[in-house]
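Asks: One file: coords.pdb (PDB, C-alpha atoms, pLDDT in the B column).
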```
ATOM      1  CA  SER A1315      -1.891   2.086   6.981  1.00 53.00           C
ATOM      2  CA  MET A1316      -3.770   5.358   6.434  1.00 60.00           C
ATOM      3  CA  LEU A1317      -4.325   4.619   2.737  1.00 62.00           C
ATOM      4  CA  GLY A1318      -7.220   2.327   3.629  1.00 60.00           C
ATOM      5  CA  ALA A1319      -9.116   5.370   4.885  1.00 66.00           C
ATOM      6  CA  VAL A1320      -9.443   6.786   1.345  1.00 70.00           C
ATOM      7  CA  PRO A1321     -12.783   4.986   0.733  1.00 70.00           C
ATOM      8  CA  VAL A1322     -14.023   6.438   4.031  1.00 75.00           C
ATOM      9  CA  ILE A1323     -13.482   9.978   2.755  1.00 77.00           C
ATOM     10  CA  ALA A1324     -15.247   9.171  -0.516  1.00 76.00           C
ATOM     11  CA  PHE A1325     -18.241   7.510   1.139  1.00 75.00           C
ATOM     12  CA  THR A1326     -18.729  10.132   3.854  1.00 77.00           C
ATOM     13  CA  THR A1327     -18.649  12.890   1.242  1.00 80.00           C
ATOM     14  CA  MET A1328     -21.260  11.011  -0.784  1.00 80.00           C
ATOM     15  CA  PHE A1329     -23.566   9.898   2.025  1.00 81.00           C
ATOM     16  CA  ASN A1330     -23.460  12.775   4.521  1.00 81.00           C
ATOM     17  CA  PRO A1331     -26.165  14.786   2.696  1.00 84.00           C
ATOM     18  CA  LEU A1332     -28.380  11.683   2.627  1.00 85.00           C
ATOM     19  CA  VAL A1333     -27.744  11.099   6.326  1.00 84.00           C
ATOM     20  CA  ALA A1334     -28.720  14.675   7.178  1.00 83.00           C
ATOM     21  CA  GLU A1335     -31.922  14.356   5.121  1.00 86.00           C
ATOM     22  CA  LEU A1336     -32.950  11.053   6.702  1.00 87.00           C
ATOM     23  CA  VAL A1337     -32.207  12.307  10.212  1.00 84.00           C
ATOM     24  CA  TYR A1338     -34.360  15.378   9.525  1.00 83.00           C
ATOM     25  CA  LYS A1339     -37.192  13.126   8.276  1.00 87.00           C
ATOM     26  CA  GLU A1340     -36.659  10.769  11.249  1.00 84.00           C
ATOM     27  CA  ASP A1341     -36.563   7.864   8.796  1.00 88.00           C
ATOM     28  CA  THR A1342     -34.592   5.496  11.026  1.00 89.00           C
ATOM     29  CA  ALA A1343     -35.226   2.404   8.905  1.00 91.00           C
ATOM     30  CA  ARG A1344     -33.697   3.888   5.739  1.00 90.00           C
ATOM     31  CA  LEU A1345     -30.886   5.474   7.730  1.00 90.00           C
ATOM     32  CA  ASP A1346     -30.013   2.107   9.260  1.00 92.00           C
ATOM     33  CA  ALA A1347     -30.098   0.413   5.837  1.00 91.00           C
ATOM     34  CA  LEU A1348     -27.863   3.125   4.374  1.00 88.00           C
ATOM     35  CA  LEU A1349     -25.360   2.725   7.197  1.00 89.00           C
ATOM     36  CA  LYS A1350     -25.189  -1.048   6.778  1.00 90.00           C
ATOM     37  CA  THR A1351     -24.710  -0.840   3.000  1.00 87.00           C
ATOM     38  CA  ALA A1352     -22.034   1.862   3.162  1.00 87.00           C
ATOM     39  CA  THR A1353     -20.120   0.042   5.899  1.00 88.00           C
ATOM     40  CA  ARG A1354     -20.069  -3.218   3.943  1.00 86.00           C
ATOM     41  CA  TRP A1355     -18.808  -1.495   0.796  1.00 85.00           C
ATOM     42  CA  ILE A1356     -16.064   0.326   2.673  1.00 86.00           C
ATOM     43  CA  ILE A1357     -14.830  -2.949   4.137  1.00 85.00           C
ATOM     44  CA  ILE A1358     -14.874  -4.605   0.711  1.00 83.00           C
ATOM     45  CA  LEU A1359     -12.987  -1.784  -0.997  1.00 82.00           C
ATOM     46  CA  SER A1360     -10.341  -1.465   1.730  1.00 83.00           C
ATOM     47  CA  CYS A1361      -9.668  -5.115   2.460  1.00 82.00           C
ATOM     48  CA  PRO A1362      -7.127  -5.809  -0.355  1.00 83.00           C
ATOM     49  CA  LEU A1363      -4.719  -3.201   1.024  1.00 84.00           C
ATOM     50  CA  TYR A1364      -5.098  -4.217   4.666  1.00 86.00           C
ATOM     51  CA  LEU A1365      -4.854  -7.937   3.936  1.00 84.00           C
ATOM     52  CA  THR A1366      -1.726  -7.399   1.852  1.00 85.00           C
ATOM     53  CA  LEU A1367      -0.113  -5.408   4.673  1.00 85.00           C
ATOM     54  CA  LEU A1368      -1.120  -8.129   7.129  1.00 85.00           C
ATOM     55  CA  VAL A1369       0.391 -10.951   5.075  1.00 84.00           C
ATOM     56  CA  VAL A1370       3.599  -9.295   3.859  1.00 84.00           C
ATOM     57  CA  PRO A1371       4.377  -6.236   6.032  1.00 86.00           C
ATOM     58  CA  GLU A1372       8.149  -6.752   5.794  1.00 84.00           C
ATOM     59  CA  LEU A1373       8.042  -7.049   2.015  1.00 83.00           C
ATOM     60  CA  THR A1374       5.867  -3.942   1.749  1.00 83.00           C
ATOM     61  CA  LEU A1375       8.153  -1.871   3.969  1.00 86.00           C
ATOM     62  CA  SER A1376      11.231  -3.035   2.075  1.00 85.00           C
ATOM     63  CA  ILE A1377       9.976  -0.957  -0.865  1.00 84.00           C
ATOM     64  CA  PHE A1378      10.987   2.147   1.096  1.00 85.00           C
ATOM     65  CA  GLY A1379      14.357   0.710   2.156  1.00 83.00           C
ATOM     66  CA  SER A1380      15.768  -2.151   4.216  1.00 83.00           C
ATOM     67  CA  GLU A1381      15.978   0.050   7.322  1.00 83.00           C
ATOM     68  CA  TYR A1382      12.164   0.143   7.495  1.00 83.00           C
ATOM     69  CA  ILE A1383      11.693  -3.631   7.726  1.00 84.00           C
ATOM     70  CA  SER A1384      12.194  -3.592  11.494  1.00 86.00           C
ATOM     71  CA  SER A1385       9.023  -1.480  11.783  1.00 88.00           C
ATOM     72  CA  ALA A1386       6.779  -4.341  10.620  1.00 87.00           C
ATOM     73  CA  GLY A1387       5.483  -4.971  14.146  1.00 89.00           C
ATOM     74  CA  ALA A1388       4.447  -1.347  14.557  1.00 91.00           C
ATOM     75  CA  LEU A1389       2.761  -1.438  11.145  1.00 90.00           C
ATOM     76  CA  LEU A1390       0.671  -4.479  12.132  1.00 90.00           C
ATOM     77  CA  ILE A1391      -0.472  -2.723  15.312  1.00 92.00           C
ATOM     78  CA  LEU A1392      -1.468   0.366  13.344  1.00 91.00           C
ATOM     79  CA  ILE A1393      -3.340  -1.827  10.856  1.00 90.00           C
ATOM     80  CA  LEU A1394      -5.389  -3.240  13.739  1.00 90.00           C
ATOM     81  CA  GLY A1395      -6.354   0.231  14.933  1.00 91.00           C
ATOM     82  CA  GLN A1396      -7.124   1.420  11.417  1.00 90.00           C
ATOM     83  CA  SER A1397      -9.275  -1.655  10.792  1.00 89.00           C
ATOM     84  CA  VAL A1398     -11.444  -0.872  13.829  1.00 91.00           C
ATOM     85  CA  TYR A1399     -11.715   2.745  12.661  1.00 90.00           C
ATOM     86  CA  LEU A1400     -12.637   1.600   9.169  1.00 88.00           C
ATOM     87  CA  CYS A1401     -15.502  -0.574  10.396  1.00 88.00           C
ATOM     88  CA  CYS A1402     -16.901   2.208  12.601  1.00 88.00           C
ATOM     89  CA  SER A1403     -16.092   5.225  10.430  1.00 86.00           C
ATOM     90  CA  ILE A1404     -19.400   5.712   8.623  1.00 85.00           C
ATOM     91  CA  ALA A1405     -21.331   5.355  11.870  1.00 86.00           C
ATOM     92  CA  GLY A1406     -19.102   7.923  13.563  1.00 84.00           C
ATOM     93  CA  SER A1407     -19.480  10.415  10.724  1.00 85.00           C
ATOM     94  CA  MET A1408     -23.254  10.404  11.302  1.00 87.00           C
ATOM     95  CA  LEU A1409     -22.964  12.263  14.621  1.00 88.00           C
ATOM     96  CA  PRO A1410     -22.332  15.768  13.242  1.00 87.00           C
ATOM     97  CA  MET A1411     -24.890  15.180  10.480  1.00 84.00           C
ATOM     98  CA  ALA A1412     -27.448  14.415  13.190  1.00 84.00           C
ATOM     99  CA  GLY A1413     -26.809  17.704  14.993  1.00 85.00           C
ATOM    100  CA  LEU A1414     -24.469  16.152  17.564  1.00 88.00           C
ATOM    101  CA  SER A1415     -21.384  18.182  16.700  1.00 88.00           C
ATOM    102  CA  ARG A1416     -20.597  19.017  20.328  1.00 92.00           C
ATOM    103  CA  LEU A1417     -20.705  15.360  21.275  1.00 92.00           C
ATOM    104  CA  ASN A1418     -18.479  14.520  18.321  1.00 90.00           C
ATOM    105  CA  LEU A1419     -16.008  17.216  19.419  1.00 93.00           C
ATOM    106  CA  LEU A1420     -16.044  15.897  22.990  1.00 94.00           C
ATOM    107  CA  LEU A1421     -15.316  12.356  21.829  1.00 93.00           C
ATOM    108  CA  GLY A1422     -12.484  13.665  19.653  1.00 93.00           C
ATOM    109  CA  LEU A1423     -10.946  15.499  22.600  1.00 95.00           C
ATOM    110  CA  VAL A1424     -11.201  12.399  24.777  1.00 95.00           C
ATOM    111  CA  GLY A1425      -9.556  10.291  22.068  1.00 93.00           C
ATOM    112  CA  PHE A1426      -6.769  12.842  21.684  1.00 95.00           C
ATOM    113  CA  SER A1427      -6.204  12.879  25.456  1.00 96.00           C
ATOM    114  CA  VAL A1428      -6.055   9.089  25.638  1.00 96.00           C
ATOM    115  CA  ASN A1429      -3.551   9.042  22.775  1.00 96.00           C
ATOM    116  CA  LEU A1430      -1.411  11.696  24.480  1.00 96.00           C
ATOM    117  CA  VAL A1431      -1.375   9.894  27.834  1.00 97.00           C
ATOM    118  CA  LEU A1432      -0.628   6.480  26.314  1.00 96.00           C
ATOM    119  CA  ASN A1433       2.206   7.904  24.222  1.00 96.00           C
ATOM    120  CA  TYR A1434       3.681   9.501  27.338  1.00 96.00           C
ATOM    121  CA  LEU A1435       3.496   6.184  29.198  1.00 96.00           C
ATOM    122  CA  LEU A1436       4.549   3.762  26.470  1.00 96.00           C
ATOM    123  CA  ILE A1437       7.128   5.497  24.294  1.00 95.00           C
ATOM    124  CA  PRO A1438       9.889   5.744  26.950  1.00 95.00           C
ATOM    125  CA  THR A1439       9.840   1.977  27.552  1.00 94.00           C
ATOM    126  CA  HIS A1440       8.624   0.526  24.243  1.00 93.00           C
ATOM    127  CA  GLY A1441       9.696   3.081  21.643  1.00 93.00           C
ATOM    128  CA  LEU A1442       8.092   2.712  18.229  1.00 92.00           C
ATOM    129  CA  LEU A1443       5.891  -0.191  19.293  1.00 94.00           C
ATOM    130  CA  GLY A1444       4.668   1.894  22.215  1.00 95.00           C
ATOM    131  CA  ALA A1445       3.771   4.791  19.941  1.00 95.00           C
ATOM    132  CA  ALA A1446       1.922   2.464  17.555  1.00 94.00           C
ATOM    133  CA  THR A1447       0.069   0.804  20.439  1.00 95.00           C
ATOM    134  CA  ALA A1448      -0.957   4.161  21.871  1.00 96.00           C
ATOM    135  CA  SER A1449      -2.252   5.434  18.542  1.00 94.00           C
ATOM    136  CA  ALA A1450      -4.087   2.209  17.682  1.00 94.00           C
ATOM    137  CA  THR A1451      -5.677   1.963  21.141  1.00 95.00           C
ATOM    138  CA  ALA A1452      -6.861   5.573  21.174  1.00 95.00           C
ATOM    139  CA  LEU A1453      -8.213   5.324  17.621  1.00 94.00           C
ATOM    140  CA  SER A1454     -10.066   2.090  18.413  1.00 94.00           C
ATOM    141  CA  LEU A1455     -11.613   3.420  21.629  1.00 95.00           C
ATOM    142  CA  TRP A1456     -12.677   6.641  19.906  1.00 94.00           C
ATOM    143  CA  SER A1457     -14.232   4.739  16.998  1.00 93.00           C
ATOM    144  CA  ILE A1458     -16.102   2.250  19.194  1.00 94.00           C
ATOM    145  CA  TRP A1459     -17.405   5.011  21.451  1.00 94.00           C
ATOM    146  CA  ARG A1460     -18.769   6.930  18.459  1.00 93.00           C
ATOM    147  CA  LEU A1461     -20.372   3.713  17.198  1.00 93.00           C
ATOM    148  CA  TRP A1462     -22.029   3.190  20.573  1.00 94.00           C
ATOM    149  CA  GLU A1463     -23.371   6.744  20.580  1.00 93.00           C
ATOM    150  CA  VAL A1464     -24.901   6.232  17.126  1.00 92.00           C
ATOM    151  CA  LYS A1465     -26.551   3.031  18.332  1.00 92.00           C
ATOM    152  CA  ARG A1466     -27.839   4.722  21.502  1.00 91.00           C
ATOM    153  CA  ARG A1467     -29.018   8.019  20.025  1.00 91.00           C
ATOM    154  CA  LEU A1468     -29.918   7.243  16.410  1.00 89.00           C
ATOM    155  CA  HIS A1469     -30.844   3.548  16.833  1.00 90.00           C
ATOM    156  CA  CYS A1470     -28.660   2.515  13.887  1.00 91.00           C
ATOM    157  CA  PHE A1471     -25.998  -0.184  13.726  1.00 92.00           C
ATOM    158  CA  PRO A1472     -23.579  -0.843  10.840  1.00 90.00           C
ATOM    159  CA  PHE A1473     -23.141  -4.617  11.077  1.00 90.00           C
ATOM    160  CA  THR A1474     -25.341  -7.419   9.818  1.00 87.00           C
ATOM    161  CA  LEU A1475     -24.654 -11.140   9.935  1.00 86.00           C
ATOM    162  CA  ARG A1476     -23.469 -10.882   6.322  1.00 82.00           C
ATOM    163  CA  THR A1477     -20.966  -8.156   7.187  1.00 83.00           C
ATOM    164  CA  THR A1478     -19.789 -10.070  10.242  1.00 86.00           C
ATOM    165  CA  TRP A1479     -19.208 -13.136   8.065  1.00 82.00           C
ATOM    166  CA  LEU A1480     -17.354 -10.971   5.567  1.00 81.00           C
ATOM    167  CA  VAL A1481     -14.962  -9.605   8.206  1.00 85.00           C
ATOM    168  CA  THR A1482     -14.451 -13.009   9.836  1.00 85.00           C
ATOM    169  CA  ALA A1483     -13.655 -14.697   6.515  1.00 81.00           C
ATOM    170  CA  MET A1484     -11.215 -11.983   5.463  1.00 83.00           C
ATOM    171  CA  VAL A1485      -9.359 -11.967   8.785  1.00 84.00           C
ATOM    172  CA  GLY A1486      -9.176 -15.767   8.795  1.00 84.00           C
ATOM    173  CA  CYS A1487      -7.797 -15.884   5.247  1.00 83.00           C
ATOM    174  CA  GLY A1488      -5.306 -13.151   6.099  1.00 82.00           C
ATOM    175  CA  PHE A1489      -3.871 -14.885   9.143  1.00 83.00           C
ATOM    176  CA  MET A1490      -3.704 -18.238   7.351  1.00 84.00           C
ATOM    177  CA  ALA A1491      -1.831 -16.642   4.450  1.00 83.00           C
ATOM    178  CA  ARG A1492       0.568 -14.923   6.843  1.00 81.00           C
ATOM    179  CA  HIS A1493       1.239 -18.221   8.617  1.00 80.00           C
ATOM    180  CA  PHE A1494       2.049 -20.054   5.382  1.00 81.00           C
ATOM    181  CA  SER A1495       4.163 -17.263   3.902  1.00 79.00           C
ATOM    182  CA  ALA A1496       6.212 -16.465   7.012  1.00 75.00           C
ATOM    183  CA  GLY A1497       9.934 -16.881   6.340  1.00 73.00           C
ATOM    184  CA  GLN A1498       9.412 -17.789   2.691  1.00 75.00           C
ATOM    185  CA  GLY A1499      10.936 -16.177  -0.392  1.00 77.00           C
ATOM    186  CA  THR A1500       9.551 -13.109  -2.106  1.00 75.00           C
ATOM    187  CA  LEU A1501       7.885 -14.980  -4.966  1.00 81.00           C
ATOM    188  CA  LEU A1502       6.151 -17.398  -2.616  1.00 80.00           C
ATOM    189  CA  GLN A1503       4.968 -14.549  -0.411  1.00 79.00           C
ATOM    190  CA  LEU A1504       3.552 -12.716  -3.415  1.00 82.00           C
ATOM    191  CA  GLY A1505       1.902 -15.897  -4.666  1.00 85.00           C
ATOM    192  CA  THR A1506       0.376 -16.577  -1.269  1.00 80.00           C
ATOM    193  CA  THR A1507      -0.943 -13.024  -1.075  1.00 80.00           C
ATOM    194  CA  ALA A1508      -2.479 -13.246  -4.547  1.00 84.00           C
ATOM    195  CA  GLY A1509      -4.051 -16.609  -3.711  1.00 83.00           C
ATOM    196  CA  MET A1510      -5.446 -15.239  -0.473  1.00 79.00           C
ATOM    197  CA  LEU A1511      -7.048 -12.254  -2.190  1.00 79.00           C
ATOM    198  CA  LEU A1512      -8.520 -14.504  -4.884  1.00 82.00           C
ATOM    199  CA  THR A1513      -9.933 -16.861  -2.237  1.00 77.00           C
ATOM    200  CA  VAL A1514     -11.582 -13.972  -0.409  1.00 74.00           C
ATOM    201  CA  ALA A1515     -13.075 -12.679  -3.676  1.00 76.00           C
ATOM    202  CA  VAL A1516     -14.455 -16.073  -4.693  1.00 73.00           C
ATOM    203  CA  LEU A1517     -15.808 -17.202  -1.318  1.00 67.00           C
ATOM    204  CA  VAL A1518     -17.005 -13.975   0.191  1.00 64.00           C
ATOM    205  CA  TYR A1519     -17.700 -11.224  -2.319  1.00 60.00           C
ATOM    206  CA  PRO A1520     -20.519 -12.780  -4.401  1.00 58.00           C
ATOM    207  CA  GLY A1521     -22.820 -12.899  -1.386  1.00 53.00           C
ATOM    208  CA  SER A1522     -21.712  -9.599   0.094  1.00 51.00           C
ATOM    209  CA  VAL A1523     -21.778  -6.873  -2.512  1.00 49.00           C
ATOM    210  CA  SER A1524     -25.474  -6.653  -3.193  1.00 49.00           C
ATOM    211  CA  VAL A1525     -26.834  -3.146  -2.766  1.00 46.00           C
ATOM    212  CA  GLN A1526     -29.786  -2.728  -0.439  1.00 48.00           C
ATOM    213  CA  PRO A1527     -32.414  -0.146  -1.394  1.00 44.00           C
ATOM    214  CA  VAL A1528     -32.299   2.984   0.765  1.00 44.00           C
TER     215      VAL A1528
END
```
What does this structure look like when you write it as structure tokens?
Replies:
Amino acid sequence: SMLGAVPVIAFTTMFNPLVAELVYKEDTARLDALLKTATRWIIILSCPLYLTLLVVPELTLSIFGSEYISSAGALLILILGQSVYLCCSIAGSMLPMAGLSRLNLLLGLVGFSVNLVLNYLLIPTHGLLGAATASATALSLWSIWRLWEVKRRLHCFPFTLRTTWLVTAMVGCGFMARHFSAGQGTLLQLGTTAGMLLTVAVLVYPGSVSVQPV
């Protein structure tokens, strides 16, 4: 589930210098436009992997061996946490670029503490699912808190109506594909996954990948 974070690393490396420059110039309008564009592109680039894992987690895990198939539930929970992180990642990376490194460190320590406490509480009774729930919950809370701080301090927000439609359409297609492919053979599952990805590309991408000037 961590593979979907690769675009985050690429985009933060590319945009952090621009963020620092715009913060220094106090150009909030361009900074907000940059955040919205980068967030939309990250979601677009990462969605094929996450949607595939959502639709066929058992089939994906079977690549590593049949003993991993039982971990599909934990994988889906981790995907949820990673998806929240993905949507908030660019916003969160703006904090240190805006001179708020101490705040960013504090939020990281709080997230780590929440993860530690939840693991201590959930693992003894729920095992692997408990560990996945703890990690996903802590990651989601940390990401949303950083997003809120960016909105409060820098007056920027990563989501537009277009991006919200993009996420809603992708999640809807993913859950529909999972419903229809559940319990089916490998070929049908692969066909359903391919059809789902094609549907998302045709219905959603053409109106979502335009680049806004920044």
Asks: Quick one: which stretch 1317-1372 of chain A residues come within 12 Å of stretch 1380-1384 of chain A, and what is the nearest atom pair for each with the distance in Å to one decimal, counting all atoms listed in the file, rows ordered by chain and ascending number, as a tab-separated table?
Replies:
```
residue	atom	partner	partner_atom	distance
A:Val1370	CA	A:Ile1383	CA	10.6
A:Pro1371	CA	A:Ile1383	CA	7.9
A:Glu1372	CA	A:Ile1383	CA	5.1
```
Asks: Going by the chain IDs and residue numbers used in this file, which residues fall under the PyMOL selection byres ((chain A and resi 1414-1419) around 12)? Write them as a ChimeraX atom specification.
Replies: /A:1334,1337,1405-1413,1420-1426,1456-1457,1459-1461,1463-1464,1467-1468
Asks: Would you mind exporting C-alpha atoms of the selected residues as a PDB file, in the frame of the given file?
Replies:
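Result written to out_18.pdb:
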```pdb
ATOM      1  CA  ALA A1334     -28.720  14.675   7.178  1.00 83.00           C
ATOM      2  CA  VAL A1337     -32.207  12.307  10.212  1.00 84.00           C
ATOM      3  CA  ALA A1405     -21.331   5.355  11.870  1.00 86.00           C
ATOM      4  CA  GLY A1406     -19.102   7.923  13.563  1.00 84.00           C
ATOM      5  CA  SER A1407     -19.480  10.415  10.724  1.00 85.00           C
ATOM      6  CA  MET A1408     -23.254  10.404  11.302  1.00 87.00           C
ATOM      7  CA  LEU A1409     -22.964  12.263  14.621  1.00 88.00           C
ATOM      8  CA  PRO A1410     -22.332  15.768  13.242  1.00 87.00           C
ATOM      9  CA  MET A1411     -24.890  15.180  10.480  1.00 84.00           C
ATOM     10  CA  ALA A1412     -27.448  14.415  13.190  1.00 84.00           C
ATOM     11  CA  GLY A1413     -26.809  17.704  14.993  1.00 85.00           C
ATOM     12  CA  LEU A1420     -16.044  15.897  22.990  1.00 94.00           C
ATOM     13  CA  LEU A1421     -15.316  12.356  21.829  1.00 93.00           C
ATOM     14  CA  GLY A1422     -12.484  13.665  19.653  1.00 93.00           C
ATOM     15  CA  LEU A1423     -10.946  15.499  22.600  1.00 95.00           C
ATOM     16  CA  VAL A1424     -11.201  12.399  24.777  1.00 95.00           C
ATOM     17  CA  GLY A1425      -9.556  10.291  22.068  1.00 93.00           C
ATOM     18  CA  PHE A1426      -6.769  12.842  21.684  1.00 95.00           C
ATOM     19  CA  TRP A1456     -12.677   6.641  19.906  1.00 94.00           C
ATOM     20  CA  SER A1457     -14.232   4.739  16.998  1.00 93.00           C
ATOM     21  CA  TRP A1459     -17.405   5.011  21.451  1.00 94.00           C
ATOM     22  CA  ARG A1460     -18.769   6.930  18.459  1.00 93.00           C
ATOM     23  CA  LEU A1461     -20.372   3.713  17.198  1.00 93.00           C
ATOM     24  CA  GLU A1463     -23.371   6.744  20.580  1.00 93.00           C
ATOM     25  CA  VAL A1464     -24.901   6.232  17.126  1.00 92.00           C
ATOM     26  CA  ARG A1467     -29.018   8.019  20.025  1.00 91.00           C
ATOM     27  CA  LEU A1468     -29.918   7.243  16.410  1.00 89.00           C
TER      28      LEU A1468
END
```
Asks: Record the distance separating atom CA of A:Leu1392 and atom CA of A:Gly1505, expressed in Å with one decimal.
Replies: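 Spanning atom CA of A:Leu1392 to atom CA of A:Gly1505 is a straight-line distance of 24.5 Å.
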Asks: So how far away is atom CA of A:Cys1401 from atom CA of A:Leu1336, in Å?
Replies: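 Value for the atom CA of A:Leu1336-atom CA of A:Cys1401 distance: 21.3 Å.
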Asks: Please indicate the distance in Å from atom CA of A:Leu1359 to atom CA of A:Cys1402, rounded to one decimal place.
Replies: 14.7 Å
Asks: Could you spell out the hits of the PyMOL selection byres ((chain A and resi 1447) around 12) on the shown file, as JSON, numbers by chain?
Replies: {"A": [1387, 1388, 1389, 1390, 1391, 1392, 1393, 1394, 1395, 1396, 1428, 1429, 1430, 1431, 1432, 1433, 1434, 1435, 1436, 1437, 1440, 1441, 1442, 1443, 1444, 1445, 1446, 1448, 1449, 1450, 1451, 1452, 1453, 1454]}
Asks: Since I can't run it myself right now, could you work out what the PyMOL selection byres ((chain A and resi 1496) around 12) selects here and report it as a compact mmCIF listing (two decimals) with C-alpha atoms, in the frame of the given file?
Replies:
```txt
# COMPACT_ATOMS: atom_id res chain seq x y z
CA LEU A 1368 -1.12 -8.13 7.13
CA VAL A 1369 0.39 -10.95 5.08
CA VAL A 1370 3.60 -9.30 3.86
CA PRO A 1371 4.38 -6.24 6.03
CA GLU A 1372 8.15 -6.75 5.79
CA LEU A 1373 8.04 -7.05 2.02
CA PHE A 1489 -3.87 -14.88 9.14
CA MET A 1490 -3.70 -18.24 7.35
CA ALA A 1491 -1.83 -16.64 4.45
CA ARG A 1492 0.57 -14.92 6.84
CA HIS A 1493 1.24 -18.22 8.62
CA PHE A 1494 2.05 -20.05 5.38
CA SER A 1495 4.16 -17.26 3.90
CA GLY A 1497 9.93 -16.88 6.34
CA GLN A 1498 9.41 -17.79 2.69
CA GLY A 1499 10.94 -16.18 -0.39
CA THR A 1500 9.55 -13.11 -2.11
CA LEU A 1502 6.15 -17.40 -2.62
CA GLN A 1503 4.97 -14.55 -0.41
CA LEU A 1504 3.55 -12.72 -3.42
CA THR A 1506 0.38 -16.58 -1.27
CA THR A 1507 -0.94 -13.02 -1.08
```
Asks: For A:Val1398, which residue out of A:Ala1508, A:Ala1386, A:Leu1455, A:Val1514 is the nearest one, using only C-alpha atoms?
Replies: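 Ranking A:Ala1508, A:Ala1386, A:Leu1455, A:Val1514 by distance to A:Val1398, first place goes to A:Leu1455.
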Asks: Would you list the contacts of A:Ala1483 as a PDB file with C-alpha atoms, in the coordinates of the input, taking every protein, DNA or RNA residue within 8 Å and counting all atoms listed in the file, but skipping same-chain residues closer than 3 positions in sequence?
Replies:
```
ATOM      1  CA  TRP A1479     -19.208 -13.136   8.065  1.00 82.00           C
ATOM      2  CA  LEU A1480     -17.354 -10.971   5.567  1.00 81.00           C
ATOM      3  CA  GLY A1486      -9.176 -15.767   8.795  1.00 84.00           C
ATOM      4  CA  CYS A1487      -7.797 -15.884   5.247  1.00 83.00           C
ATOM      5  CA  VAL A1514     -11.582 -13.972  -0.409  1.00 74.00           C
ATOM      6  CA  VAL A1518     -17.005 -13.975   0.191  1.00 64.00           C
TER       7      VAL A1518
END
```
Asks: Please check which residues have atoms at most 12 Å from (-10.3, 0.7, 6.7) in the file's coordinates, counting only C-alpha atoms, and write them as an mmCIF file with C-alpha atoms, keeping the file's coordinate frame.
Replies:
```cif
data_model
loop_
_atom_site.group_PDB
_atom_site.id
_atom_site.type_symbol
_atom_site.label_atom_id
_atom_site.label_comp_id
_atom_site.auth_asym_id
_atom_site.auth_seq_id
_atom_site.Cartn_x
_atom_site.Cartn_y
_atom_site.Cartn_z
ATOM 1 C CA SER A 1315 -1.891 2.086 6.981
ATOM 2 C CA MET A 1316 -3.770 5.358 6.434
ATOM 3 C CA LEU A 1317 -4.325 4.619 2.737
ATOM 4 C CA GLY A 1318 -7.220 2.327 3.629
ATOM 5 C CA ALA A 1319 -9.116 5.370 4.885
ATOM 6 C CA VAL A 1320 -9.443 6.786 1.345
ATOM 7 C CA PRO A 1321 -12.783 4.986 0.733
ATOM 8 C CA VAL A 1322 -14.023 6.438 4.031
ATOM 9 C CA ILE A 1323 -13.482 9.978 2.755
ATOM 10 C CA PHE A 1325 -18.241 7.510 1.139
ATOM 11 C CA THR A 1353 -20.120 0.042 5.899
ATOM 12 C CA ARG A 1354 -20.069 -3.218 3.943
ATOM 13 C CA TRP A 1355 -18.808 -1.495 0.796
ATOM 14 C CA ILE A 1356 -16.064 0.326 2.673
ATOM 15 C CA ILE A 1357 -14.830 -2.949 4.137
ATOM 16 C CA ILE A 1358 -14.874 -4.605 0.711
ATOM 17 C CA LEU A 1359 -12.987 -1.784 -0.997
ATOM 18 C CA SER A 1360 -10.341 -1.465 1.730
ATOM 19 C CA CYS A 1361 -9.668 -5.115 2.460
ATOM 20 C CA PRO A 1362 -7.127 -5.809 -0.355
ATOM 21 C CA LEU A 1363 -4.719 -3.201 1.024
ATOM 22 C CA TYR A 1364 -5.098 -4.217 4.666
ATOM 23 C CA LEU A 1365 -4.854 -7.937 3.936
ATOM 24 C CA LEU A 1392 -1.468 0.366 13.344
ATOM 25 C CA ILE A 1393 -3.340 -1.827 10.856
ATOM 26 C CA LEU A 1394 -5.389 -3.240 13.739
ATOM 27 C CA GLY A 1395 -6.354 0.231 14.933
ATOM 28 C CA GLN A 1396 -7.124 1.420 11.417
ATOM 29 C CA SER A 1397 -9.275 -1.655 10.792
ATOM 30 C CA VAL A 1398 -11.444 -0.872 13.829
ATOM 31 C CA TYR A 1399 -11.715 2.745 12.661
ATOM 32 C CA LEU A 1400 -12.637 1.600 9.169
ATOM 33 C CA CYS A 1401 -15.502 -0.574 10.396
ATOM 34 C CA CYS A 1402 -16.901 2.208 12.601
ATOM 35 C CA SER A 1403 -16.092 5.225 10.430
ATOM 36 C CA ILE A 1404 -19.400 5.712 8.623
ATOM 37 C CA SER A 1454 -10.066 2.090 18.413
ATOM 38 C CA SER A 1457 -14.232 4.739 16.998
ATOM 39 C CA VAL A 1481 -14.962 -9.605 8.206
#
```
